[in-house]
file data.pdb (PDB, C-alpha atoms)
ATOM      1  CA  GLU A 243       0.000   0.000   0.000
ATOM      2  CA  ALA A 244       1.328   3.411  -1.036
ATOM      3  CA  ALA A 245       2.180   5.712   1.838
ATOM      4  CA  VAL A 246       2.744   9.462   1.833
ATOM      5  CA  THR A 247       3.094  11.292   5.125
ATOM      6  CA  GLN A 248       3.241  15.010   5.802
ATOM      7  CA  SER A 249       4.335  17.086   8.782
ATOM      8  CA  PRO A 250       3.234  19.164  10.474
ATOM      9  CA  ARG A 251      -0.481  18.600   9.965
ATOM     10  CA  ASN A 252      -1.290  22.106  11.116
ATOM     11  CA  LYS A 253       0.883  25.198  11.263
ATOM     12  CA  VAL A 254       0.242  28.793  12.245
ATOM     13  CA  THR A 255       2.829  31.456  11.520
ATOM     14  CA  VAL A 256       3.005  35.217  11.158
ATOM     15  CA  THR A 257       3.589  37.331   8.084
ATOM     16  CA  GLY A 258       7.282  37.258   7.231
ATOM     17  CA  GLY A 259       7.830  33.994   9.055
ATOM     18  CA  ASN A 260       9.869  31.048   7.817
ATOM     19  CA  VAL A 261       8.029  27.758   7.294
ATOM     20  CA  THR A 262       9.135  24.327   6.122
ATOM     21  CA  LEU A 263       6.606  21.656   5.201
ATOM     22  CA  SER A 264       7.880  18.081   5.041
ATOM     23  CA  CYS A 265       6.784  15.121   2.973
ATOM     24  CA  ARG A 266       7.992  11.532   2.978
ATOM     25  CA  GLN A 267       6.918   8.694   0.704
ATOM     26  CA  THR A 268       7.677   5.011   1.148
ATOM     27  CA  ASN A 269       6.415   3.930  -2.276
ATOM     28  CA  SER A 270       9.807   3.954  -4.012
ATOM     29  CA  HIS A 271       8.273   6.439  -6.445
ATOM     30  CA  ASN A 272      10.414   8.752  -8.501
ATOM     31  CA  TYR A 273       8.004  11.691  -8.864
ATOM     32  CA  MET A 274       6.935  13.877  -5.955
ATOM     33  CA  TYR A 275       4.690  16.944  -6.036
ATOM     34  CA  TRP A 276       3.544  19.836  -3.910
ATOM     35  CA  TYR A 277       0.033  21.254  -4.416
ATOM     36  CA  ARG A 278      -2.047  23.877  -2.719
ATOM     37  CA  GLN A 279      -5.818  23.571  -2.437
ATOM     38  CA  ASP A 280      -8.038  26.628  -2.230
ATOM     39  CA  THR A 281     -11.791  26.982  -2.602
ATOM     40  CA  GLY A 282     -12.632  28.046  -6.133
ATOM     41  CA  HIS A 283      -9.261  26.957  -7.472
ATOM     42  CA  GLY A 284      -9.059  23.247  -6.849
ATOM     43  CA  LEU A 285      -5.548  21.824  -6.612
ATOM     44  CA  ARG A 286      -2.718  23.805  -8.113
ATOM     45  CA  LEU A 287       0.804  22.499  -8.655
ATOM     46  CA  ILE A 288       3.560  24.459  -6.912
ATOM     47  CA  HIS A 289       6.698  22.382  -7.582
ATOM     48  CA  TYR A 290       7.560  18.822  -8.463
ATOM     49  CA  SER A 291      10.591  16.588  -8.735
ATOM     50  CA  TYR A 292      11.557  13.414 -10.541
ATOM     51  CA  GLY A 293      14.405  12.444  -8.255
ATOM     52  CA  ALA A 294      16.826  13.460  -5.542
ATOM     53  CA  GLY A 295      18.374  16.830  -6.345
ATOM     54  CA  ASN A 296      15.884  17.575  -9.137
ATOM     55  CA  LEU A 297      13.319  20.376  -9.032
ATOM     56  CA  GLN A 298      10.718  21.390 -11.608
ATOM     57  CA  ILE A 299       8.608  24.527 -11.550
ATOM     58  CA  GLY A 300       4.870  24.070 -11.308
ATOM     59  CA  ASP A 301       2.019  26.424 -12.125
ATOM     60  CA  VAL A 302       2.022  28.631  -9.003
ATOM     61  CA  PRO A 303       5.671  28.717  -7.806
ATOM     62  CA  ASP A 304       5.962  32.352  -6.665
ATOM     63  CA  GLY A 305       6.931  32.653  -3.018
ATOM     64  CA  TYR A 306       7.853  28.977  -2.685
ATOM     65  CA  LYS A 307      11.072  27.013  -2.805
ATOM     66  CA  ALA A 308      11.372  23.250  -2.708
ATOM     67  CA  THR A 309      14.115  20.736  -2.199
ATOM     68  CA  ARG A 310      14.258  16.976  -2.807
ATOM     69  CA  THR A 311      16.970  15.603  -0.573
ATOM     70  CA  THR A 312      16.410  11.867  -1.144
ATOM     71  CA  GLN A 313      14.046   9.717  -3.150
ATOM     72  CA  GLU A 314      11.783   9.642  -0.085
ATOM     73  CA  ASP A 315      11.862  13.249   1.137
ATOM     74  CA  PHE A 316      10.523  16.447  -0.446
ATOM     75  CA  PHE A 317      10.340  19.777   1.375
ATOM     76  CA  LEU A 318       8.413  22.962   0.642
ATOM     77  CA  LEU A 319       9.917  26.197   1.963
ATOM     78  CA  LEU A 320       8.154  29.492   2.538
ATOM     79  CA  GLU A 321      10.925  31.939   3.479
ATOM     80  CA  LEU A 322       8.789  35.068   3.887
ATOM     81  CA  ALA A 323       5.290  33.802   4.462
ATOM     82  CA  SER A 324       2.370  35.991   3.436
ATOM     83  CA  PRO A 325      -1.370  35.760   4.246
ATOM     84  CA  SER A 326      -2.014  34.808   0.594
ATOM     85  CA  GLN A 327      -0.169  31.553   1.308
ATOM     86  CA  THR A 328      -2.774  30.490   3.852
ATOM     87  CA  SER A 329      -3.962  27.252   2.319
ATOM     88  CA  LEU A 330      -4.199  23.472   2.525
ATOM     89  CA  TYR A 331      -1.009  21.889   1.148
ATOM     90  CA  PHE A 332      -0.785  18.396  -0.260
ATOM     91  CA  CYS A 333       2.202  16.303  -1.180
ATOM     92  CA  ALA A 334       1.875  13.444  -3.659
ATOM     93  CA  SER A 335       4.050  10.804  -5.299
ATOM     94  CA  SER A 336       3.840   8.726  -8.460
ATOM     95  CA  ASP A 337       5.800   6.195 -10.441
ATOM     96  CA  TRP A 338       7.879   6.806 -13.578
ATOM     97  CA  THR A 339       5.105   5.870 -15.971
ATOM     98  CA  GLY A 340       3.720   8.786 -17.942
ATOM     99  CA  VAL A 341       0.186   8.847 -16.629
ATOM    100  CA  ALA A 342       0.562   7.059 -13.345
ATOM    101  CA  GLU A 343      -1.804   7.458 -10.429
ATOM    102  CA  GLN A 344      -0.705  10.041  -7.895
ATOM    103  CA  PHE A 345      -0.856   9.090  -4.212
ATOM    104  CA  PHE A 346      -1.583  11.995  -1.891
ATOM    105  CA  GLY A 347      -0.664  12.640   1.700
ATOM    106  CA  PRO A 348      -3.191  13.803   4.332
ATOM    107  CA  GLY A 349      -2.365  17.488   3.905
ATOM    108  CA  THR A 350      -0.963  20.351   5.991
ATOM    109  CA  ARG A 351      -3.181  23.269   6.890
ATOM    110  CA  LEU A 352      -1.097  26.443   6.989
ATOM    111  CA  THR A 353      -2.375  29.720   8.401
ATOM    112  CA  VAL A 354      -0.356  32.904   7.956
ATOM    113  CA  LEU A 355      -1.552  35.688  10.251
TER     114      LEU A 355
ATOM    115  CA  GLY B 107      -2.941  26.048 -22.129
ATOM    116  CA  ASP B 108      -4.621  22.941 -20.822
ATOM    117  CA  SER B 109      -7.725  23.385 -18.714
ATOM    118  CA  VAL B 110     -10.508  21.437 -17.045
ATOM    119  CA  THR B 111     -13.910  22.953 -16.332
ATOM    120  CA  GLN B 112     -16.311  21.812 -13.638
ATOM    121  CA  LYS B 113     -19.215  24.237 -13.477
ATOM    122  CA  GLN B 114     -21.075  22.681 -10.562
ATOM    123  CA  GLY B 115     -19.668  23.893  -7.256
ATOM    124  CA  GLN B 116     -21.970  21.780  -5.110
ATOM    125  CA  VAL B 117     -24.539  19.072  -5.707
ATOM    126  CA  THR B 118     -26.994  18.025  -2.992
ATOM    127  CA  LEU B 119     -28.773  14.697  -3.319
ATOM    128  CA  SER B 120     -30.701  12.149  -1.308
ATOM    129  CA  GLU B 121     -29.677   8.513  -1.007
ATOM    130  CA  ASP B 122     -30.495   6.422  -4.103
ATOM    131  CA  ASP B 123     -30.544   9.523  -6.330
ATOM    132  CA  PHE B 124     -28.698   9.612  -9.651
ATOM    133  CA  LEU B 125     -25.421  11.569  -9.640
ATOM    134  CA  PHE B 126     -24.118  13.414 -12.687
ATOM    135  CA  ILE B 127     -21.122  15.746 -12.567
ATOM    136  CA  ASN B 128     -20.123  17.759 -15.611
ATOM    137  CA  CYS B 129     -16.516  17.936 -16.768
ATOM    138  CA  THR B 130     -15.191  19.399 -19.993
ATOM    139  CA  TYR B 131     -11.594  19.853 -20.978
ATOM    140  CA  SER B 132      -9.417  21.813 -23.369
ATOM    141  CA  THR B 133      -6.045  20.643 -24.625
ATOM    142  CA  THR B 134      -4.173  20.410 -27.893
ATOM    143  CA  THR B 135      -3.122  16.817 -27.294
ATOM    144  CA  TYR B 136      -4.867  13.499 -26.636
ATOM    145  CA  PRO B 137      -5.018  13.511 -22.861
ATOM    146  CA  THR B 138      -5.435  10.882 -20.217
ATOM    147  CA  LEU B 139      -8.429  11.773 -18.057
ATOM    148  CA  PHE B 140      -8.961  11.154 -14.365
ATOM    149  CA  TRP B 141     -11.529  11.492 -11.630
ATOM    150  CA  TYR B 142     -10.098  11.922  -8.132
ATOM    151  CA  VAL B 143     -12.250  11.867  -4.984
ATOM    152  CA  GLN B 144     -11.463  13.611  -1.719
ATOM    153  CA  TYR B 145     -13.256  12.473   1.434
ATOM    154  CA  PRO B 146     -13.434  14.832   4.422
ATOM    155  CA  GLY B 147     -10.083  15.257   6.152
ATOM    156  CA  GLN B 148      -8.168  13.252   3.563
ATOM    157  CA  GLY B 149      -6.046  13.819   0.493
ATOM    158  CA  PRO B 150      -7.488  13.109  -2.950
ATOM    159  CA  GLN B 151      -7.413   9.523  -4.213
ATOM    160  CA  LEU B 152      -7.846   8.126  -7.678
ATOM    161  CA  LEU B 153     -11.389   7.065  -8.514
ATOM    162  CA  LEU B 154     -10.944   6.194 -12.176
ATOM    163  CA  LYS B 155      -8.752   6.822 -15.199
ATOM    164  CA  VAL B 156      -9.272   6.533 -18.949
ATOM    165  CA  THR B 157      -6.451   6.714 -21.467
ATOM    166  CA  THR B 158      -8.185   6.119 -24.812
ATOM    167  CA  ALA B 159     -10.837   8.255 -26.464
ATOM    168  CA  ASN B 160     -14.362   6.823 -26.353
ATOM    169  CA  ASN B 161     -13.419   4.398 -23.625
ATOM    170  CA  LYS B 162     -15.240   4.130 -20.352
ATOM    171  CA  GLY B 163     -13.800   3.981 -16.855
ATOM    172  CA  ILE B 164     -15.725   2.174 -14.131
ATOM    173  CA  SER B 165     -14.916   2.001 -10.433
ATOM    174  CA  ARG B 166     -16.921   1.522  -7.231
ATOM    175  CA  GLY B 167     -20.201   2.014  -9.114
ATOM    176  CA  PHE B 168     -19.035   5.236 -10.778
ATOM    177  CA  GLU B 169     -18.490   5.527 -14.507
ATOM    178  CA  ALA B 170     -17.160   8.125 -16.913
ATOM    179  CA  THR B 171     -16.779   8.042 -20.677
ATOM    180  CA  TYR B 172     -14.037   9.875 -22.524
ATOM    181  CA  ASP B 173     -15.833  11.667 -25.369
ATOM    182  CA  LYS B 174     -13.290  13.218 -27.719
ATOM    183  CA  GLY B 175     -16.018  14.689 -29.898
ATOM    184  CA  THR B 176     -17.525  16.833 -27.156
ATOM    185  CA  THR B 177     -14.278  17.022 -25.078
ATOM    186  CA  SER B 178     -16.183  15.818 -22.044
ATOM    187  CA  PHE B 179     -15.566  13.298 -19.262
ATOM    188  CA  HIS B 180     -18.702  13.450 -17.128
ATOM    189  CA  LEU B 181     -18.956  11.330 -13.970
ATOM    190  CA  GLN B 182     -22.117   9.462 -13.070
ATOM    191  CA  LYS B 183     -23.443   6.996 -10.555
ATOM    192  CA  ALA B 184     -26.856   5.384 -10.669
ATOM    193  CA  SER B 185     -27.619   5.357  -6.946
ATOM    194  CA  VAL B 186     -25.619   7.337  -4.413
ATOM    195  CA  GLN B 187     -25.134   6.597  -0.747
ATOM    196  CA  GLU B 188     -24.335   8.910   2.137
ATOM    197  CA  SER B 189     -20.752   7.565   2.032
ATOM    198  CA  ASP B 190     -20.337   9.096  -1.434
ATOM    199  CA  SER B 191     -20.351  12.557   0.115
ATOM    200  CA  ALA B 192     -17.008  14.014  -0.963
ATOM    201  CA  VAL B 193     -15.351  16.454  -3.340
ATOM    202  CA  TYR B 194     -14.850  15.109  -6.865
ATOM    203  CA  PHE B 195     -12.098  16.458  -9.118
ATOM    204  CA  CYS B 196     -11.803  15.974 -12.838
ATOM    205  CA  ALA B 197      -8.187  16.112 -14.070
ATOM    206  CA  LEU B 198      -6.092  15.570 -17.156
ATOM    207  CA  VAL B 199      -2.534  14.827 -18.196
ATOM    208  CA  PRO B 200      -1.618  15.963 -21.701
ATOM    209  CA  ASN B 201       0.315  13.174 -23.359
ATOM    210  CA  SER B 202       3.318  15.391 -23.862
ATOM    211  CA  ALA B 203       3.559  16.565 -20.254
ATOM    212  CA  GLY B 204       4.321  13.403 -18.384
ATOM    213  CA  ASN B 205       2.845  13.327 -14.932
ATOM    214  CA  LYS B 206       1.787  16.957 -14.587
ATOM    215  CA  LEU B 207      -1.902  16.893 -13.667
ATOM    216  CA  THR B 208      -4.276  19.782 -14.358
ATOM    217  CA  PHE B 209      -7.266  19.704 -11.987
ATOM    218  CA  GLY B 210     -10.717  21.196 -12.187
ATOM    219  CA  ILE B 211     -11.951  23.234  -9.224
ATOM    220  CA  GLY B 212     -13.883  20.307  -7.792
ATOM    221  CA  THR B 213     -17.561  19.545  -7.174
ATOM    222  CA  ARG B 214     -18.713  19.001  -3.612
ATOM    223  CA  VAL B 215     -21.331  16.248  -3.401
ATOM    224  CA  LEU B 216     -23.519  16.102  -0.311
ATOM    225  CA  VAL B 217     -25.751  13.058   0.021
ATOM    226  CA  ARG B 218     -28.445  13.287   2.676
ATOM    227  CA  PRO B 219     -29.695  10.103   4.341
TER     228      PRO B 219
END
call {"tool": "encode", "arguments": {"input": "data.pdb", "output": "structure tokens"}}
result
Amino acid sequence: EAAVTQSPRNKVTVTGGNVTLSCRQTNSHNYMYWYRQDTGHGLRLIHYSYGAGNLQIGDVPDGYKATRTTQEDFFLLLELASPSQTSLYFCASSDWTGVAEQFFGPGTRLTVL
Amino acid sequence: GDSVTQKQGQVTLSEDDFLFINCTYSTTTYPTLFWYVQYPGQGPQLLLKVTTANNKGISRGFEATYDKGTTSFHLQKASVQESDSAVYFCALVPNSAGNKLTFGIGTRVLVRP
């Protein structure tokens, strides 16, 4: 069974704060993704990676950095958090194959005051 | 660019009602089409996937047909249960873009007992 875990599950920070969201997958998948989910927008891709050390830009990357340290671990960094980044963040992983199913984590709810 | 349109923000039904959720898409390629379902407090999970035009995907009593002529991929279920209450996302992967999913905004389905 595919497994994607995220930490923390909830985070509150202030404007200008520094936040790191963590994701780990135990699926031996090559692709990992970070999404944000907002009402009226669905899920939007922030960054993704196809292996350790690789980073690809998604559709809404402004204000976010990401780093893939190992095949298992993918981090999302908000260095100067803003209220517009208040959202529900999901990590996902998938296999090499071109149109493979993505397996999502349980999400991190981030509030920027 | 690629896009997915779900016009229904919320659908409210009673148990045993028929469910129909609209989804249309726009892309220059021949996409693979997905329905993902998100239950309360969880990340999205794959409900069904169709890779070939005019094929049908069936899973857990839900079905969707990939109609290249009308660029639609509507989701339907003959008789819903309270446990089907969730948010349903239509999504696509253009064949040239690997694993990068484009999601619709989602349709919240509320089934009353």
call {"tool": "residues_around", "arguments": {"input": "data.pdb", "residues": "segment 332-341 of chain A", "least_positions_apart": "2", "cutoff": "6 Å", "atoms": "all atoms listed in the file", "output": "PDB file with C-alpha atoms, in the coordinates of the input"}}
result
ATOM      1  CA  HIS A 271       8.273   6.439  -6.445  1.00  0.00           C
ATOM      2  CA  ASN A 272      10.414   8.752  -8.501  1.00  0.00           C
ATOM      3  CA  TYR A 273       8.004  11.691  -8.864  1.00  0.00           C
ATOM      4  CA  MET A 274       6.935  13.877  -5.955  1.00  0.00           C
ATOM      5  CA  TYR A 275       4.690  16.944  -6.036  1.00  0.00           C
ATOM      6  CA  TRP A 276       3.544  19.836  -3.910  1.00  0.00           C
ATOM      7  CA  TYR A 277       0.033  21.254  -4.416  1.00  0.00           C
ATOM      8  CA  GLN A 344      -0.705  10.041  -7.895  1.00  0.00           C
ATOM      9  CA  PHE A 345      -0.856   9.090  -4.212  1.00  0.00           C
ATOM     10  CA  PHE A 346      -1.583  11.995  -1.891  1.00  0.00           C
ATOM     11  CA  GLY A 347      -0.664  12.640   1.700  1.00  0.00           C
ATOM     12  CA  GLY A 349      -2.365  17.488   3.905  1.00  0.00           C
TER      13      GLY A 349
ATOM     14  CA  GLY B 204       4.321  13.403 -18.384  1.00  0.00           C
ATOM     15  CA  ASN B 205       2.845  13.327 -14.932  1.00  0.00           C
TER      16      ASN B 205
END
call {"tool": "resolve_selection", "arguments": {"input": "data.pdb", "expression": "the PyMOL selection byres ((chain A and resi 312) around 8)", "output": "PyMOL selection string"}}
result
chain A and resi 293-295+310-311+313-316
call {"tool": "residues_around", "arguments": {"input": "data.pdb", "residues": "Tyr172 of chain B", "least_positions_apart": "3", "cutoff": "6 Å", "atoms": "all atoms listed in the file", "output": "PyMOL selection string"}}
result
chain B and resi 159-161+179
call {"tool": "closest_residue", "arguments": {"input": "data.pdb", "among": "B:Thr138, B:Thr213, B:Thr208, B:Gln151", "to": "Thr171 of chain B", "atoms": "only C-alpha atoms"}}
result
B:Thr138
call {"tool": "closest_residue", "arguments": {"input": "data.pdb", "among": "B:Lys113, B:Lys155, B:Arg166, B:Lys183", "to": "Glu343 of chain A", "atoms": "all atoms listed in the file"}}
result
B:Lys155
